[in-house]
$ cat target_2.cif   # mmCIF, C-alpha atoms and all ligand atoms
data_start
loop_
_atom_site.label_atom_id
_atom_site.label_comp_id
_atom_site.auth_asym_id
_atom_site.auth_seq_id
_atom_site.Cartn_x
_atom_site.Cartn_y
_atom_site.Cartn_z
CA MET A 1 -32.05 25.27 6.33
CA LYS A 2 -33.22 24.50 2.81
CA ILE A 3 -31.91 21.53 0.85
CA LEU A 4 -31.90 22.23 -2.89
CA SER A 5 -30.58 20.22 -5.78
CA THR A 6 -31.20 22.27 -8.92
CA VAL A 7 -29.58 25.46 -10.14
CA ALA A 8 -32.99 26.98 -10.91
CA GLU A 9 -34.32 26.41 -7.34
CA LEU A 10 -31.12 27.70 -5.79
CA GLN A 11 -31.00 30.87 -7.88
CA LYS A 12 -34.70 31.58 -7.27
CA GLN A 13 -34.25 31.13 -3.52
CA LEU A 14 -31.26 33.48 -3.40
CA LYS A 15 -33.07 36.05 -5.55
CA ASP A 16 -36.24 35.92 -3.40
CA MET A 17 -34.30 36.30 -0.14
CA HIS A 18 -32.21 39.13 -1.57
CA LEU A 19 -29.69 38.97 1.32
CA SER A 20 -26.04 39.88 1.17
CA PRO A 21 -23.22 39.16 1.57
CA ILE A 22 -23.72 35.60 0.34
CA GLY A 23 -21.23 33.24 2.00
CA PHE A 24 -20.23 30.03 0.24
CA VAL A 25 -18.62 26.87 1.63
CA PRO A 26 -17.84 24.35 -1.14
CA THR A 27 -17.46 20.74 0.05
CA MET A 28 -17.46 17.19 -1.24
CA GLY A 29 -19.42 16.03 1.81
CA ALA A 30 -18.19 13.52 4.44
CA LEU A 31 -18.21 16.54 6.70
CA HIS A 32 -15.99 16.90 9.77
CA LYS A 33 -15.02 19.63 12.21
CA GLY A 34 -12.76 21.25 9.64
CA HIS A 35 -15.76 21.87 7.38
CA LEU A 36 -17.77 23.04 10.39
CA SER A 37 -15.18 25.69 11.18
CA LEU A 38 -15.60 27.01 7.61
CA VAL A 39 -19.38 27.03 8.04
CA GLU A 40 -19.12 28.79 11.42
CA ASN A 41 -16.84 31.41 9.95
CA ALA A 42 -19.32 31.97 7.11
CA LEU A 43 -22.28 32.15 9.52
CA ASN A 44 -20.50 34.83 11.55
CA SER A 45 -20.16 37.19 8.62
CA CYS A 46 -22.98 36.37 6.15
CA PRO A 47 -26.79 36.46 6.58
CA VAL A 48 -27.10 33.68 4.00
CA VAL A 49 -24.67 30.78 3.66
CA VAL A 50 -24.70 28.20 0.85
CA VAL A 51 -22.92 24.91 1.60
CA SER A 52 -22.46 22.79 -1.52
CA ILE A 53 -22.04 19.03 -1.37
CA PHE A 54 -20.80 17.66 -4.68
CA VAL A 55 -18.17 14.99 -5.26
CA ASN A 56 -16.61 16.47 -8.37
CA PRO A 57 -15.49 13.74 -10.79
CA THR A 58 -13.31 16.06 -12.89
CA GLN A 59 -10.80 16.57 -10.07
CA PHE A 60 -10.10 12.84 -9.59
CA ASN A 61 -7.34 11.53 -11.82
CA ASP A 62 -7.82 8.07 -10.33
CA LYS A 63 -11.21 6.32 -10.79
CA ASN A 64 -10.67 4.14 -7.69
CA ASP A 65 -10.08 7.23 -5.58
CA LEU A 66 -13.36 8.70 -6.88
CA ASN A 67 -15.26 5.46 -6.20
CA ASN A 68 -13.78 5.09 -2.71
CA TYR A 69 -14.23 8.73 -1.71
CA PRO A 70 -16.35 8.67 1.50
CA ARG A 71 -19.99 9.59 1.06
CA THR A 72 -22.13 10.15 4.19
CA PRO A 73 -25.13 12.19 2.95
CA GLU A 74 -27.48 11.56 5.89
CA LYS A 75 -24.84 12.31 8.50
CA ASP A 76 -23.87 15.48 6.56
CA MET A 77 -27.48 16.74 6.62
CA ASP A 78 -27.72 16.01 10.37
CA ILE A 79 -24.54 17.95 11.05
CA LEU A 80 -25.60 20.91 8.92
CA GLY A 81 -29.16 20.82 10.31
CA LYS A 82 -27.74 21.58 13.76
CA VAL A 83 -25.86 24.71 12.72
CA LEU A 84 -27.53 26.26 9.68
CA ARG A 85 -30.28 28.88 9.99
CA ASP A 86 -33.61 29.13 8.11
CA THR A 87 -32.01 31.36 5.49
CA ASP A 88 -29.09 29.01 4.78
CA ILE A 89 -28.99 26.52 1.92
CA VAL A 90 -27.44 23.11 1.35
CA PHE A 91 -26.90 22.77 -2.40
CA SER A 92 -26.56 19.12 -3.33
CA PRO A 93 -26.73 18.95 -7.14
CA GLY A 94 -26.54 16.00 -9.51
CA ILE A 95 -23.82 15.93 -12.13
CA LYS A 96 -25.98 17.37 -14.96
CA GLU A 97 -26.69 20.51 -12.93
CA ILE A 98 -22.98 21.24 -12.64
CA TYR A 99 -21.89 19.92 -16.02
CA PRO A 100 -24.85 20.08 -18.45
CA GLU A 101 -22.15 19.53 -21.08
CA GLU A 102 -18.63 18.20 -20.74
CA ASP A 103 -16.37 20.91 -19.29
CA LYS A 104 -13.45 21.20 -21.68
CA ARG A 105 -11.87 24.31 -20.17
CA ILE A 106 -8.13 24.14 -19.55
CA PHE A 107 -6.72 26.58 -16.99
CA ASN A 108 -3.12 27.68 -16.71
CA PHE A 109 -1.81 28.04 -13.18
CA GLY A 110 1.89 28.20 -14.08
CA ASN A 111 4.15 26.81 -11.37
CA LEU A 112 1.15 25.96 -9.17
CA ASP A 113 0.24 23.32 -11.70
CA ASN A 114 3.68 21.70 -11.76
CA VAL A 115 4.71 21.16 -8.16
CA MET A 116 3.74 18.97 -5.20
CA GLU A 117 0.08 17.89 -5.50
CA ALA A 118 -0.12 18.91 -9.16
CA SER A 119 2.77 16.70 -10.25
CA ARG A 120 1.32 13.70 -8.37
CA ARG A 121 -2.31 14.23 -9.40
CA PRO A 122 -2.27 15.39 -13.05
CA GLY A 123 -5.40 17.37 -13.97
CA HIS A 124 -6.54 17.62 -10.34
CA PHE A 125 -6.38 21.41 -10.06
CA ASN A 126 -7.92 21.89 -13.50
CA GLY A 127 -10.90 19.89 -12.22
CA VAL A 128 -11.02 21.91 -8.99
CA ALA A 129 -10.96 25.14 -11.03
CA GLN A 130 -13.74 23.86 -13.29
CA VAL A 131 -16.08 23.03 -10.44
CA VAL A 132 -15.28 26.06 -8.28
CA SER A 133 -15.68 28.51 -11.17
CA ARG A 134 -18.96 26.81 -12.13
CA LEU A 135 -20.23 26.98 -8.53
CA PHE A 136 -19.21 30.65 -8.34
CA GLU A 137 -21.13 31.28 -11.58
CA ILE A 138 -24.24 29.54 -10.18
CA ILE A 139 -24.19 30.93 -6.61
CA LYS A 140 -22.51 34.30 -7.21
CA PRO A 141 -21.15 34.40 -3.65
CA ASP A 142 -19.54 37.48 -2.14
CA VAL A 143 -17.23 35.46 0.10
CA ALA A 144 -16.03 31.84 -0.22
CA PHE A 145 -14.32 29.84 2.52
CA PHE A 146 -11.60 27.23 1.99
CA GLY A 147 -9.40 25.24 4.40
CA GLN A 148 -5.67 25.92 4.61
CA LYS A 149 -4.98 22.19 4.84
CA ASP A 150 -5.29 22.22 1.05
CA LEU A 151 -2.76 25.02 0.78
CA GLN A 152 -2.04 24.47 -2.91
CA GLN A 153 -5.77 24.38 -3.69
CA LEU A 154 -6.19 27.67 -1.85
CA ALA A 155 -3.38 29.22 -3.91
CA VAL A 156 -4.98 27.87 -7.10
CA ILE A 157 -8.37 29.36 -6.17
CA ARG A 158 -6.80 32.75 -5.39
CA ASN A 159 -5.02 32.58 -8.73
CA LEU A 160 -8.28 31.60 -10.48
CA VAL A 161 -10.11 34.56 -8.96
CA LYS A 162 -7.29 36.89 -10.07
CA GLN A 163 -7.18 35.45 -13.61
CA THR A 164 -10.93 35.64 -14.14
CA GLY A 165 -11.33 39.08 -12.53
CA SER A 166 -13.90 37.55 -10.15
CA LYS A 167 -14.98 39.73 -7.22
CA VAL A 168 -15.39 36.80 -4.79
CA GLU A 169 -13.41 37.34 -1.58
CA ILE A 170 -11.46 34.19 -0.71
CA VAL A 171 -11.02 33.39 2.98
CA GLY A 172 -8.53 30.71 4.12
CA ASN A 173 -9.37 29.00 7.42
CA PRO A 174 -6.73 27.51 9.74
CA ILE A 175 -6.29 23.73 9.83
CA ILE A 176 -8.45 21.95 12.43
CA ARG A 177 -6.71 18.97 14.06
CA GLU A 178 -7.70 15.85 15.96
CA ASP A 179 -6.55 15.69 19.61
CA ASP A 180 -3.32 13.94 18.59
CA GLY A 181 -2.55 16.54 15.92
CA LEU A 182 -3.68 14.71 12.78
CA ALA A 183 -5.16 17.27 10.37
CA MET A 184 -8.88 16.67 9.94
CA SER A 185 -9.76 15.24 6.55
CA SER A 186 -12.66 13.30 5.07
CA ARG A 187 -10.10 10.65 4.12
CA ASN A 188 -9.14 9.99 7.79
CA GLN A 189 -12.16 7.73 8.15
CA LEU A 190 -10.64 5.45 5.49
CA LEU A 191 -7.47 4.82 7.57
CA ASP A 192 -7.18 1.37 9.10
CA ALA A 193 -6.99 1.32 12.90
CA ASP A 194 -3.29 0.54 13.18
CA ILE A 195 -2.28 3.23 10.69
CA ARG A 196 -4.61 5.73 12.38
CA SER A 197 -3.00 5.03 15.78
CA HIS A 198 0.39 6.10 14.36
CA ALA A 199 -0.77 8.95 12.10
CA ALA A 200 0.14 11.66 14.62
CA VAL A 201 3.74 11.16 13.50
CA ILE A 202 3.02 13.40 10.49
CA PHE A 203 2.16 16.54 12.44
CA LYS A 204 4.71 15.80 15.19
CA THR A 205 7.44 15.56 12.58
CA ILE A 206 6.56 18.69 10.61
CA SER A 207 6.24 20.60 13.90
CA GLU A 208 9.93 19.78 14.53
CA VAL A 209 10.84 21.75 11.41
CA ASN A 210 10.38 25.05 13.22
CA VAL A 211 12.97 23.95 15.76
CA MET A 212 15.37 22.47 13.21
CA ILE A 213 15.28 25.47 10.88
CA LYS A 214 17.20 27.52 13.47
CA LYS A 215 20.29 25.35 13.01
CA HIS A 216 19.90 23.28 9.85
CA ASP A 217 19.46 23.96 6.15
CA ILE A 218 16.59 22.69 3.99
CA ALA A 219 18.26 19.55 2.62
CA GLU A 220 19.01 18.24 6.13
CA ILE A 221 15.47 19.05 7.29
CA LYS A 222 13.97 17.18 4.34
CA ILE A 223 16.04 14.10 5.15
CA PHE A 224 14.97 14.25 8.80
CA VAL A 225 11.26 14.54 7.89
CA GLU A 226 11.42 11.69 5.38
CA ASN A 227 13.42 9.34 7.64
CA ASN A 228 11.34 10.05 10.73
CA ILE A 229 8.01 9.34 9.05
CA ASN A 230 9.26 6.47 6.86
CA SER A 231 10.58 4.73 9.98
CA VAL A 232 6.96 4.07 11.03
CA SER A 233 5.66 0.90 9.42
CA GLY A 234 3.06 1.61 6.69
CA PHE A 235 4.04 5.28 6.23
CA ASN A 236 5.82 6.63 3.18
CA VAL A 237 6.54 10.30 2.45
CA GLU A 238 5.71 11.30 -1.14
CA TYR A 239 7.18 14.75 -0.77
CA PHE A 240 8.10 17.33 1.82
CA GLU A 241 8.81 20.83 0.52
CA ILE A 242 9.12 24.27 2.05
CA ALA A 243 7.44 26.75 -0.28
CA ASP A 244 5.79 30.18 -0.31
CA ASP A 245 1.98 30.24 -0.21
CA ILE A 246 1.41 32.21 -3.43
CA GLU A 247 3.34 30.43 -6.16
CA LEU A 248 4.43 27.46 -4.05
CA ILE A 249 7.98 27.55 -5.34
CA PRO A 250 9.94 25.01 -3.26
CA ILE A 251 13.05 26.55 -1.75
CA LYS A 252 16.41 24.81 -1.67
CA SER A 253 18.19 26.92 0.95
CA LYS A 254 17.28 29.18 3.89
CA ALA A 255 19.11 31.97 2.06
CA ASP A 256 16.28 31.94 -0.55
CA MET A 257 13.60 32.80 2.02
CA LYS A 258 12.34 36.37 1.62
CA LYS A 259 11.09 38.37 4.63
CA GLU A 260 8.01 39.58 2.73
CA ASN A 261 6.79 36.02 1.98
CA ARG A 262 5.06 33.42 4.14
CA TYR A 263 6.50 29.90 3.93
CA PHE A 264 4.91 26.56 4.69
CA GLY A 265 6.33 23.08 5.10
CA CYS A 266 4.03 20.96 2.91
CA ILE A 267 3.86 17.21 3.07
CA ALA A 268 2.08 14.31 1.38
CA VAL A 269 2.28 10.89 2.98
CA LYS A 270 0.97 7.51 1.91
CA ALA A 271 -0.46 6.14 5.17
CA GLY A 272 -1.33 2.54 4.38
CA ASN A 273 -3.42 2.91 1.22
CA ILE A 274 -4.55 6.45 1.98
CA ARG A 275 -2.84 9.62 0.87
CA LEU A 276 -2.76 12.36 3.53
CA ILE A 277 -1.55 15.94 3.18
CA ASP A 278 -0.68 18.49 5.84
CA ASN A 279 1.32 21.69 6.23
CA ILE A 280 2.73 24.02 8.84
CA GLU A 281 3.77 27.64 8.66
CA ILE A 282 7.53 28.07 8.93
CA GLU A 283 8.69 30.77 11.31
CA LEU A 284 11.37 32.76 9.56
CA VAL A 285 14.68 32.88 11.41
O1 LIG A 301 -11.62 20.86 -1.03
C1 LIG A 301 -12.60 20.24 -1.51
O2 LIG A 301 -13.37 19.58 -0.81
C2 LIG A 301 -12.84 20.28 -3.01
O3 LIG A 301 -11.65 20.29 -3.71
C3 LIG A 301 -13.75 21.45 -3.45
C4 LIG A 301 -13.12 22.80 -3.16
C5 LIG A 301 -15.09 21.33 -2.73
C6 LIG A 301 -14.01 21.37 -4.95
O4 LIG A 301 -14.62 20.17 -5.31
#

$ encode --input "target_2.cif" --output "structure tokens"
Amino acid sequence: MKILSTVAELQKQLKDMHLSPIGFVPTMGALHKGHLSLVENALNSCPVVVVSIFVNPTQFNDKNDLNNYPRTPEKDMDILGKVLRDTDIVFSPGIKEIYPEEDKRIFNFGNLDNVMEASRRPGHFNGVAQVVSRLFEIIKPDVAFFGQKDLQQLAVIRNLVKQTGSKVEIVGNPIIREDDGLAMSSRNQLLDADIRSHAAVIFKTISEVNVMIKKHDIAEIKIFVENNINSVSGFNVEYFEIADDIELIPIKSKADMKKENRYFGCIAVKAGNIRLIDNIEIELV
């Protein structure tokens, strides 16, 4: 694999190799098996894969969160070195390569920018759209791979691609979980040991929703999810919503679920000091 840090080097390398389709896996580093599944998917379908590692400041609305975000550059290179081929590239740019000037673009994602993650992290998805559109402009990938754990982010990216008329194909990869069911996330390594030992409650609880939905309506299910998780010391549910995966409109009643849509139970939990998100597809009854 090649490790490049400037736009000029990256574009020259891609031009010289002249391979297609170009697969792209954007990351903020602190890589885990979830990222690896994206990389493996990309390697299976693309003769050249670019993995970017860039902790994007514009998507953090909280400076402490940005400062505390895990950074493990050497470990990341080791992990990627074991799977990437000679043609593949790790793109690890400095801030000036991505934002030579301040990015003042404001995107409009309608409802996607009002609910769940967006209402708790103002400006977050605008920052994600800034960096992803900039990386698309630099790399010009044919296919880009994102994890379904960040379901709202995936919907935002699909919306971005539609809005901008971009030709990049967006692939969503299933969530990869630890043995106890906790969704893999770079933030898991920040959990303290006691909180980590109880964190399986999140996935266990949302898995119950597919059983409950047969007999109960949404309001009762939401109360169950909140009470069950909040009963574990150190855990606090920020939201649990059942929403479609395109506009993420939270539904209030089973009667609102349409056969042609896919629905997901989406949750954010404060686990100690760390915010975790997860989701599960809801089987329509
Ligand atoms: O999901 C992430 O890690 C980030 O939001 C992304 C897509 C790499 C943009 O910074």

$ residues_near_point --input "target_2.cif" --point "(-23.0, 17.6, 15.2)" --cutoff "12 Å" --atoms "all atoms listed in the file" --output "list in words"
Leu31, His32, Lys33, His35, Leu36, Ser37, Glu74, Lys75, Asp76, Met77, Asp78, Ile79, Leu80, Gly81, Lys82, Val83 and Leu84 of chain A

$ closest_residue --input "target_2.cif" --among "A:Gln13, A:Leu284, A:Asp113, A:Phe54" --to "Ile213 of chain A" --atoms "only C-alpha atoms"
A:Leu284

$ residues_around --input "target_2.cif" --residues "Phe109 of chain A" --least-positions-apart "3" --cutoff "8 Å" --atoms "only C-alpha atoms" --output "PyMOL selection string"
chain A and resi 112-113+156+159-160

$ residues_near_ligand --input "target_2.cif" --ligand "ligand LIG 301 (chain A)" --cutoff "9 Å" --atoms "all atoms listed in the file" --output "PyMOL selection string"
chain A and resi 25-29+35+52-59+124-125+127-132+146-147+149-150+153-154+157+186

$ atom_distance --input "target_2.cif" --atom1 "atom CA of Asp217 of chain A" --atom2 "atom CA of Lys252 of chain A"
8.4 Å

$ closest_residue --input "target_2.cif" --among "A:Ser5, A:Gln152, A:Asn230, A:Ser197" --to "Val51 of chain A" --atoms "all atoms listed in the file"
A:Ser5

$ closest_residue --input "target_2.cif" --among "A:Pro250, A:Pro141, A:Gly123, A:Gly181" --to "Asp62 of chain A" --atoms "only C-alpha atoms"
A:Gly123

$ closest_residue --input "target_2.cif" --among "A:Met257, A:Met17, A:Ile218, A:Ala42" --to "Asn173 of chain A" --atoms "all atoms listed in the file"
A:Ala42

$ closest_residue --input "target_2.cif" --among "A:Gly34, A:Pro122, A:Cys266, A:Tyr239" --to "Glu178 of chain A" --atoms "all atoms listed in the file"
A:Gly34

$ closest_residue --input "target_2.cif" --among "A:Phe224, A:Phe145, A:Phe60, A:Phe203" --to "Ile22 of chain A" --atoms "only C-alpha atoms"
A:Phe145

$ residues_around --input "target_2.cif" --residues "Ile280 of chain A" --least-positions-apart "3" --cutoff "12 Å" --atoms "only C-alpha atoms" --output "ChimeraX atom specification"
/A:148-151,174-177,181-183,202-210,240-245,262-267,277,283

$ residues_around --input "target_2.cif" --residues "Met1 of chain A" --least-positions-apart "2" --cutoff "8 Å" --atoms "only C-alpha atoms" --output "list in words"
Ile3, Gly81, Leu84, Arg85, Asp86, Thr87, Asp88, Ile89 and Val90 of chain A

$ atom_distance --input "target_2.cif" --atom1 "atom CA of Ser253 of chain A" --atom2 "atom CA of Ser231 of chain A"
25.1 Å

$ atom_distance --input "target_2.cif" --atom1 "atom CA of Asn114 of chain A" --atom2 "atom CA of Ile246 of chain A"
13.6 Å

$ build_atoms --input "target_2.cif" --residues "segment 43-54 of chain A" --atoms "all heavy atoms" --output "mmCIF file, keeping the file's coordinate frame"
data_model
loop_
_atom_site.group_PDB
_atom_site.id
_atom_site.type_symbol
_atom_site.label_atom_id
_atom_site.label_comp_id
_atom_site.auth_asym_id
_atom_site.auth_seq_id
_atom_site.Cartn_x
_atom_site.Cartn_y
_atom_site.Cartn_z
ATOM 1 N N LEU A 43 -21.067 31.723 8.801
ATOM 2 C CA LEU A 43 -22.280 32.150 9.520
ATOM 3 C C LEU A 43 -22.043 33.451 10.286
ATOM 4 O O LEU A 43 -22.946 34.273 10.433
ATOM 5 C CB LEU A 43 -22.728 31.060 10.502
ATOM 6 C CG LEU A 43 -23.300 29.777 9.890
ATOM 7 C CD1 LEU A 43 -23.483 28.704 10.958
ATOM 8 C CD2 LEU A 43 -24.624 30.055 9.193
ATOM 9 N N ASN A 44 -20.814 33.624 10.773
ATOM 10 C CA ASN A 44 -20.500 34.830 11.550
ATOM 11 C C ASN A 44 -20.512 36.095 10.712
ATOM 12 O O ASN A 44 -20.676 37.187 11.230
ATOM 13 C CB ASN A 44 -19.121 34.697 12.199
ATOM 14 C CG ASN A 44 -19.182 33.783 13.389
ATOM 15 O OD1 ASN A 44 -20.253 33.600 13.956
ATOM 16 N ND2 ASN A 44 -18.050 33.190 13.746
ATOM 17 N N SER A 45 -20.276 35.951 9.408
ATOM 18 C CA SER A 45 -20.160 37.190 8.620
ATOM 19 C C SER A 45 -21.209 37.324 7.505
ATOM 20 O O SER A 45 -21.268 38.368 6.861
ATOM 21 C CB SER A 45 -18.755 37.294 8.010
ATOM 22 O OG SER A 45 -18.407 36.093 7.376
ATOM 23 N N CYS A 46 -22.037 36.298 7.289
ATOM 24 C CA CYS A 46 -22.980 36.370 6.150
ATOM 25 C C CYS A 46 -24.399 35.985 6.583
ATOM 26 O O CYS A 46 -24.585 34.951 7.220
ATOM 27 C CB CYS A 46 -22.526 35.408 5.053
ATOM 28 S SG CYS A 46 -20.836 35.686 4.524
ATOM 29 N N PRO A 47 -25.411 36.771 6.198
ATOM 30 C CA PRO A 47 -26.790 36.460 6.580
ATOM 31 C C PRO A 47 -27.362 35.274 5.805
ATOM 32 O O PRO A 47 -28.402 34.731 6.170
ATOM 33 C CB PRO A 47 -27.556 37.737 6.255
ATOM 34 C CG PRO A 47 -26.743 38.406 5.207
ATOM 35 C CD PRO A 47 -25.315 38.041 5.448
ATOM 36 N N VAL A 48 -26.708 34.903 4.708
ATOM 37 C CA VAL A 48 -27.100 33.680 4.000
ATOM 38 C C VAL A 48 -25.827 32.924 3.639
ATOM 39 O O VAL A 48 -24.856 33.511 3.136
ATOM 40 C CB VAL A 48 -27.995 33.963 2.764
ATOM 41 C CG1 VAL A 48 -27.365 34.946 1.814
ATOM 42 C CG2 VAL A 48 -28.310 32.673 2.005
ATOM 43 N N VAL A 49 -25.835 31.619 3.944
ATOM 44 C CA VAL A 49 -24.670 30.780 3.660
ATOM 45 C C VAL A 49 -25.136 29.597 2.803
ATOM 46 O O VAL A 49 -26.120 28.936 3.134
ATOM 47 C CB VAL A 49 -24.023 30.276 4.969
ATOM 48 C CG1 VAL A 49 -22.934 29.239 4.676
ATOM 49 C CG2 VAL A 49 -23.443 31.450 5.758
ATOM 50 N N VAL A 50 -24.431 29.377 1.687
ATOM 51 C CA VAL A 50 -24.700 28.200 0.850
ATOM 52 C C VAL A 50 -23.560 27.205 1.086
ATOM 53 O O VAL A 50 -22.385 27.556 0.944
ATOM 54 C CB VAL A 50 -24.754 28.572 -0.650
ATOM 55 C CG1 VAL A 50 -25.044 27.323 -1.498
ATOM 56 C CG2 VAL A 50 -25.787 29.657 -0.908
ATOM 57 N N VAL A 51 -23.914 25.981 1.482
ATOM 58 C CA VAL A 51 -22.920 24.910 1.600
ATOM 59 C C VAL A 51 -23.197 23.931 0.462
ATOM 60 O O VAL A 51 -24.307 23.394 0.371
ATOM 61 C CB VAL A 51 -23.055 24.156 2.948
ATOM 62 C CG1 VAL A 51 -22.016 23.037 3.048
ATOM 63 C CG2 VAL A 51 -22.921 25.114 4.124
ATOM 64 N N SER A 52 -22.226 23.760 -0.439
ATOM 65 C CA SER A 52 -22.460 22.790 -1.520
ATOM 66 C C SER A 52 -21.859 21.451 -1.140
ATOM 67 O O SER A 52 -20.819 21.385 -0.478
ATOM 68 C CB SER A 52 -21.881 23.289 -2.847
ATOM 69 O OG SER A 52 -20.472 23.350 -2.768
ATOM 70 N N ILE A 53 -22.550 20.397 -1.550
ATOM 71 C CA ILE A 53 -22.040 19.030 -1.370
ATOM 72 C C ILE A 53 -22.061 18.396 -2.750
ATOM 73 O O ILE A 53 -23.135 18.111 -3.310
ATOM 74 C CB ILE A 53 -22.911 18.226 -0.396
ATOM 75 C CG1 ILE A 53 -22.906 18.885 0.984
ATOM 76 C CG2 ILE A 53 -22.414 16.781 -0.308
ATOM 77 C CD1 ILE A 53 -23.684 18.137 2.055
ATOM 78 N N PHE A 54 -20.878 18.225 -3.328
ATOM 79 C CA PHE A 54 -20.800 17.660 -4.680
ATOM 80 C C PHE A 54 -19.438 17.002 -4.838
ATOM 81 O O PHE A 54 -18.404 17.673 -4.740
ATOM 82 C CB PHE A 54 -20.976 18.788 -5.726
ATOM 83 C CG PHE A 54 -20.868 18.308 -7.146
ATOM 84 C CD1 PHE A 54 -21.837 17.473 -7.698
ATOM 85 C CD2 PHE A 54 -19.784 18.681 -7.934
ATOM 86 C CE1 PHE A 54 -21.725 17.022 -9.014
ATOM 87 C CE2 PHE A 54 -19.664 18.241 -9.250
ATOM 88 C CZ PHE A 54 -20.641 17.411 -9.789
#
